[in-house]
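Working notes, structure below.
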Amino acid sequence: MSDVMQEIEQEVRANPVVVYMKGTPRFPMCGFSAATVEVLSEIGVPFKAIDVLAQPDKRDAIKAYTNWPTIPQVFVGGKFVGGCDIIRELHARGELAPMIRAASSDS
Amino acid sequence: MADTTGAGDHFDVRVTAPAFAGKGLVEQHRLVYGALGDLMREVHALSLHTRAPEESAP
């Protein structure tokens, strides 16, 4: 496993909620990243955001790590949960907040 | 499927397939990405909504 892959693994294990996104929560650089951060902010549990535009090697590495072609990517409790559409759908079903709260209280 | 900007690289896609039954959303989306293959390189933005036939509409 490459150094970047190991760094990703460490990040998703060390933080209950992690989003790999384009831009930052304050200044998202993509509509899908913005929408994802909006949902996470609505739930109100702190999350770690990683800007892949600032780390180009991580932009490719995260796609390889999850075998998932798009960004943003959200991890909860070390597990890949999905991209923007899945996050929005889980939130609409009322499943996302309990999942995030459970992961956050475990740590 | 809808071409959301008319530019041919932003799409909103709804897929209902028996192959999705019993699978989580991540697996369902992976099946669609896999079917698109190299086309994913030409698509800038793809909004996906998947469900198995017996599920209620998303």
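Lettering and numbering for the structure tokens are positional, with chains as A, B, ... in the shown order, residues counted from 1 in each chain, and ligands counted from 1 in the shown order.
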
Test item: residues at most 12 Å from range 44-56 of chain A, only C-alpha atoms, excluding those fewer than 2 positions along its chain, as a VMD selection string: chain A and resid 4 7 to 8 11 to 30 33 to 34 36 to 42 58 to 63 70 to 77 96 to 105

How would the residues just picked look written out with C-alpha atoms as a compact mmCIF listing (two decimals), in the first residue's frame?
# COMPACT_ATOMS: atom_id res chain seq x y z
CA VAL A 4 -0.99 8.13 0.50
CA GLU A 7 -2.53 8.15 5.19
CA ILE A 8 -6.14 7.76 4.01
CA GLU A 11 -7.54 9.44 8.51
CA VAL A 12 -10.73 7.41 8.16
CA ARG A 13 -9.91 5.34 11.24
CA ALA A 14 -8.93 8.29 13.43
CA ASN A 15 -12.02 10.39 12.68
CA PRO A 16 -15.66 9.29 13.14
CA VAL A 17 -16.82 11.27 10.09
CA VAL A 18 -14.55 12.18 7.17
CA VAL A 19 -15.41 13.78 3.83
CA TYR A 20 -12.98 13.90 0.90
CA MET A 21 -14.16 16.88 -1.11
CA LYS A 22 -13.25 19.54 -3.66
CA GLY A 23 -12.55 22.75 -1.77
CA THR A 24 -13.31 23.34 1.89
CA PRO A 25 -16.61 23.35 3.84
CA ARG A 26 -16.50 27.18 3.80
CA PHE A 27 -15.48 27.38 0.16
CA PRO A 28 -16.60 24.23 -1.68
CA MET A 29 -15.39 24.13 -5.30
CA CYS A 30 -18.06 21.76 -6.63
CA SER A 33 -19.19 18.68 -2.44
CA ALA A 34 -21.22 21.71 -1.32
CA THR A 36 -22.68 16.92 0.91
CA VAL A 37 -21.18 19.37 3.41
CA GLU A 38 -24.60 21.00 3.76
CA VAL A 39 -26.17 17.68 4.82
CA LEU A 40 -23.33 16.90 7.25
CA SER A 41 -23.56 20.40 8.75
CA GLU A 42 -27.31 20.00 9.18
CA LYS A 58 -4.90 12.01 -2.68
CA ARG A 59 -7.53 12.81 -5.33
CA ASP A 60 -6.45 9.70 -7.25
CA ALA A 61 -5.62 7.62 -4.18
CA ILE A 62 -9.05 7.99 -2.60
CA LYS A 63 -10.72 6.73 -5.79
CA THR A 70 -16.29 10.30 -7.99
CA ILE A 71 -15.69 12.90 -5.28
CA PRO A 72 -17.02 13.74 -2.67
CA GLN A 73 -16.67 10.55 -0.64
CA VAL A 74 -17.93 10.19 2.91
CA PHE A 75 -16.67 7.79 5.59
CA VAL A 76 -18.48 7.09 8.86
CA GLY A 77 -16.81 5.00 11.54
CA LEU A 96 -27.72 9.16 8.21
CA ALA A 97 -27.99 11.09 11.49
CA PRO A 98 -28.30 7.95 13.70
CA MET A 99 -25.35 6.34 11.84
CA ILE A 100 -23.19 9.44 12.37
CA ARG A 101 -24.21 9.91 16.00
CA ALA A 102 -23.45 6.26 16.77
CA ALA A 103 -19.99 6.51 15.17
CA SER A 104 -19.23 9.80 16.92
CA SER A 105 -20.22 8.56 20.36

Exercise answer, chain B residues close to chain A, 10 Å and only C-alpha atoms, as a PyMOL selection string: chain B and resi 24-27+29-30+33-34+40-41+44-50+58

The selected residues should be written to file as an mmCIF file, in the first residue's frame (atoms: C-alpha atoms).
data_model
loop_
_atom_site.group_PDB
_atom_site.id
_atom_site.type_symbol
_atom_site.label_atom_id
_atom_site.label_comp_id
_atom_site.auth_asym_id
_atom_site.auth_seq_id
_atom_site.Cartn_x
_atom_site.Cartn_y
_atom_site.Cartn_z
ATOM 1 C CA GLY B 24 -26.792 -1.562 -0.521
ATOM 2 C CA LEU B 25 -26.686 1.811 -2.264
ATOM 3 C CA VAL B 26 -22.884 1.685 -2.655
ATOM 4 C CA GLU B 27 -23.107 -1.665 -4.456
ATOM 5 C CA HIS B 29 -24.092 2.644 -7.721
ATOM 6 C CA ARG B 30 -20.953 0.553 -8.369
ATOM 7 C CA TYR B 33 -20.466 2.946 -12.755
ATOM 8 C CA GLY B 34 -19.183 -0.438 -13.934
ATOM 9 C CA MET B 40 -17.355 7.901 -16.818
ATOM 10 C CA ARG B 41 -14.213 9.729 -18.002
ATOM 11 C CA HIS B 44 -18.264 15.620 -15.562
ATOM 12 C CA ALA B 45 -21.217 15.217 -13.223
ATOM 13 C CA LEU B 46 -23.538 12.274 -12.746
ATOM 14 C CA SER B 47 -26.381 12.260 -10.281
ATOM 15 C CA LEU B 48 -27.528 8.678 -9.614
ATOM 16 C CA HIS B 49 -30.745 7.390 -8.081
ATOM 17 C CA THR B 50 -31.012 3.617 -7.956
ATOM 18 C CA PRO B 58 -36.639 7.458 -4.045
#

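Nearest to Asp57 in chain A of all the residues A:Gly78, A:Glu95, A:Ala35, A:Met5 is A:Met5, counting only C-alpha atoms.
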
Run DSSP on the backbone and tell me which residues of chain A come out as helix (DSSP H, G or I); list them as a PyMOL selection string. chain A and resi 3-14+31-43+56-66+84-92+96-106

Go ahead and dump the residues you just picked, C-alpha atoms, as an mmCIF file, in the first residue's frame.
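Dumped to selection-v5.cif:
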data_model
loop_
_atom_site.group_PDB
_atom_site.id
_atom_site.type_symbol
_atom_site.label_atom_id
_atom_site.label_comp_id
_atom_site.auth_asym_id
_atom_site.auth_seq_id
_atom_site.Cartn_x
_atom_site.Cartn_y
_atom_site.Cartn_z
ATOM 1 C CA ASP A 3 2.080 6.161 1.615
ATOM 2 C CA VAL A 4 -0.989 8.132 0.499
ATOM 3 C CA MET A 5 -3.217 5.074 0.850
ATOM 4 C CA GLN A 6 -1.863 4.517 4.361
ATOM 5 C CA GLU A 7 -2.528 8.152 5.191
ATOM 6 C CA ILE A 8 -6.137 7.761 4.013
ATOM 7 C CA GLU A 9 -6.585 4.634 6.081
ATOM 8 C CA GLN A 10 -5.231 6.455 9.121
ATOM 9 C CA GLU A 11 -7.545 9.444 8.507
ATOM 10 C CA VAL A 12 -10.732 7.411 8.156
ATOM 11 C CA ARG A 13 -9.914 5.343 11.238
ATOM 12 C CA ALA A 14 -8.932 8.286 13.430
ATOM 13 C CA GLY A 31 -21.832 21.587 -6.262
ATOM 14 C CA PHE A 32 -21.775 17.948 -5.127
ATOM 15 C CA SER A 33 -19.189 18.678 -2.441
ATOM 16 C CA ALA A 34 -21.224 21.707 -1.324
ATOM 17 C CA ALA A 35 -24.434 19.666 -1.062
ATOM 18 C CA THR A 36 -22.680 16.920 0.909
ATOM 19 C CA VAL A 37 -21.185 19.371 3.408
ATOM 20 C CA GLU A 38 -24.598 20.999 3.759
ATOM 21 C CA VAL A 39 -26.173 17.682 4.819
ATOM 22 C CA LEU A 40 -23.327 16.904 7.246
ATOM 23 C CA SER A 41 -23.560 20.403 8.745
ATOM 24 C CA GLU A 42 -27.312 20.001 9.179
ATOM 25 C CA ILE A 43 -26.736 16.895 11.298
ATOM 26 C CA PRO A 56 -3.647 15.982 -6.026
ATOM 27 C CA ASP A 57 -2.110 12.596 -5.180
ATOM 28 C CA LYS A 58 -4.898 12.014 -2.681
ATOM 29 C CA ARG A 59 -7.527 12.807 -5.329
ATOM 30 C CA ASP A 60 -6.447 9.697 -7.250
ATOM 31 C CA ALA A 61 -5.622 7.623 -4.184
ATOM 32 C CA ILE A 62 -9.050 7.988 -2.597
ATOM 33 C CA LYS A 63 -10.718 6.734 -5.789
ATOM 34 C CA ALA A 64 -8.445 3.696 -5.770
ATOM 35 C CA TYR A 65 -8.919 3.150 -2.027
ATOM 36 C CA THR A 66 -12.706 2.872 -2.351
ATOM 37 C CA CYS A 84 -23.390 12.979 -2.618
ATOM 38 C CA ASP A 85 -26.462 11.121 -3.923
ATOM 39 C CA ILE A 86 -26.210 8.354 -1.328
ATOM 40 C CA ILE A 87 -25.631 10.834 1.506
ATOM 41 C CA ARG A 88 -28.698 12.804 0.450
ATOM 42 C CA GLU A 89 -30.801 9.660 0.134
ATOM 43 C CA LEU A 90 -29.723 8.253 3.522
ATOM 44 C CA HIS A 91 -30.504 11.644 5.061
ATOM 45 C CA ALA A 92 -33.951 11.709 3.406
ATOM 46 C CA LEU A 96 -27.721 9.165 8.207
ATOM 47 C CA ALA A 97 -27.989 11.089 11.495
ATOM 48 C CA PRO A 98 -28.295 7.949 13.696
ATOM 49 C CA MET A 99 -25.353 6.343 11.845
ATOM 50 C CA ILE A 100 -23.186 9.437 12.368
ATOM 51 C CA ARG A 101 -24.208 9.908 15.999
ATOM 52 C CA ALA A 102 -23.445 6.265 16.773
ATOM 53 C CA ALA A 103 -19.990 6.511 15.171
ATOM 54 C CA SER A 104 -19.232 9.799 16.918
ATOM 55 C CA SER A 105 -20.224 8.562 20.358
ATOM 56 C CA ASP A 106 -18.081 5.432 20.001
#

If we count only C-alpha atoms, what is near Lys23 in chain B at a cut-off of 12 Å, once residues fewer than 5 positions away on the same chain are taken out, given as an mmCIF file with C-alpha atoms, in the first residue's frame?
data_model
loop_
_atom_site.group_PDB
_atom_site.id
_atom_site.type_symbol
_atom_site.label_atom_id
_atom_site.label_comp_id
_atom_site.auth_asym_id
_atom_site.auth_seq_id
_atom_site.Cartn_x
_atom_site.Cartn_y
_atom_site.Cartn_z
ATOM 1 C CA ALA B 17 -33.153 -2.917 -11.872
ATOM 2 C CA PRO B 18 -33.825 -6.363 -10.410
ATOM 3 C CA GLN B 28 -26.014 -0.447 -6.603
ATOM 4 C CA HIS B 29 -24.092 2.644 -7.721
ATOM 5 C CA ARG B 30 -20.953 0.553 -8.369
ATOM 6 C CA LEU B 31 -22.970 -1.613 -10.778
ATOM 7 C CA THR B 50 -31.012 3.617 -7.956
ATOM 8 C CA ARG B 51 -33.586 1.204 -6.605
ATOM 9 C CA ALA B 52 -34.755 -2.357 -6.949
ATOM 10 C CA GLU B 55 -38.673 -0.611 -3.447
#

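Backbone DSSP of chain B yields strand (DSSP E or B) at B:Ala2, B:Asp3, B:His10, B:Phe11, B:Asp12, B:Val13, B:Arg14, B:Val15, B:Thr16, B:Ala45, B:Leu46, B:Ser47, B:Leu48, B:His49, B:Thr50, B:Arg51.
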
Using the selection just defined, write its residues with N, CA and C atoms as a short mmCIF file (atom, residue, chain, number, x, y, z; two decimals), in the first residue's frame.
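Written output follows (out14.cif):
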data_model
loop_
_atom_site.label_atom_id
_atom_site.label_comp_id
_atom_site.auth_asym_id
_atom_site.auth_seq_id
_atom_site.Cartn_x
_atom_site.Cartn_y
_atom_site.Cartn_z
N ALA B 2 -31.77 12.58 -17.59
CA ALA B 2 -31.88 13.97 -18.00
C ALA B 2 -30.49 14.58 -18.17
N ASP B 3 -30.33 15.35 -19.27
CA ASP B 3 -29.09 16.10 -19.49
C ASP B 3 -29.32 17.47 -18.86
N HIS B 10 -23.36 16.62 -18.01
CA HIS B 10 -23.98 16.61 -16.69
C HIS B 10 -25.30 15.83 -16.82
N PHE B 11 -25.42 14.76 -16.05
CA PHE B 11 -26.61 13.93 -16.20
C PHE B 11 -27.25 13.58 -14.87
N ASP B 12 -28.56 13.45 -14.92
CA ASP B 12 -29.32 12.97 -13.77
C ASP B 12 -29.95 11.66 -14.21
N VAL B 13 -29.59 10.56 -13.55
CA VAL B 13 -29.99 9.24 -14.02
C VAL B 13 -30.75 8.48 -12.94
N ARG B 14 -31.90 7.93 -13.32
CA ARG B 14 -32.67 7.07 -12.41
C ARG B 14 -32.66 5.65 -12.98
N VAL B 15 -32.23 4.70 -12.17
CA VAL B 15 -32.15 3.32 -12.64
C VAL B 15 -32.92 2.42 -11.70
N THR B 16 -33.84 1.63 -12.26
CA THR B 16 -34.53 0.60 -11.49
C THR B 16 -34.15 -0.74 -12.11
N ALA B 45 -20.38 15.32 -14.42
CA ALA B 45 -21.22 15.22 -13.22
C ALA B 45 -22.35 14.25 -13.49
N LEU B 46 -22.50 13.29 -12.59
CA LEU B 46 -23.54 12.27 -12.75
C LEU B 46 -24.28 12.13 -11.43
N SER B 47 -25.56 12.43 -11.46
CA SER B 47 -26.38 12.26 -10.28
C SER B 47 -27.14 10.94 -10.45
N LEU B 48 -26.98 10.03 -9.49
CA LEU B 48 -27.53 8.68 -9.61
C LEU B 48 -28.59 8.40 -8.56
N HIS B 49 -29.70 7.83 -9.01
CA HIS B 49 -30.74 7.39 -8.08
C HIS B 49 -31.10 5.97 -8.46
N THR B 50 -30.79 5.02 -7.60
CA THR B 50 -31.01 3.62 -7.96
C THR B 50 -31.99 2.96 -6.98
N ARG B 51 -32.73 1.99 -7.50
CA ARG B 51 -33.59 1.20 -6.60
C ARG B 51 -33.94 -0.12 -7.28
#
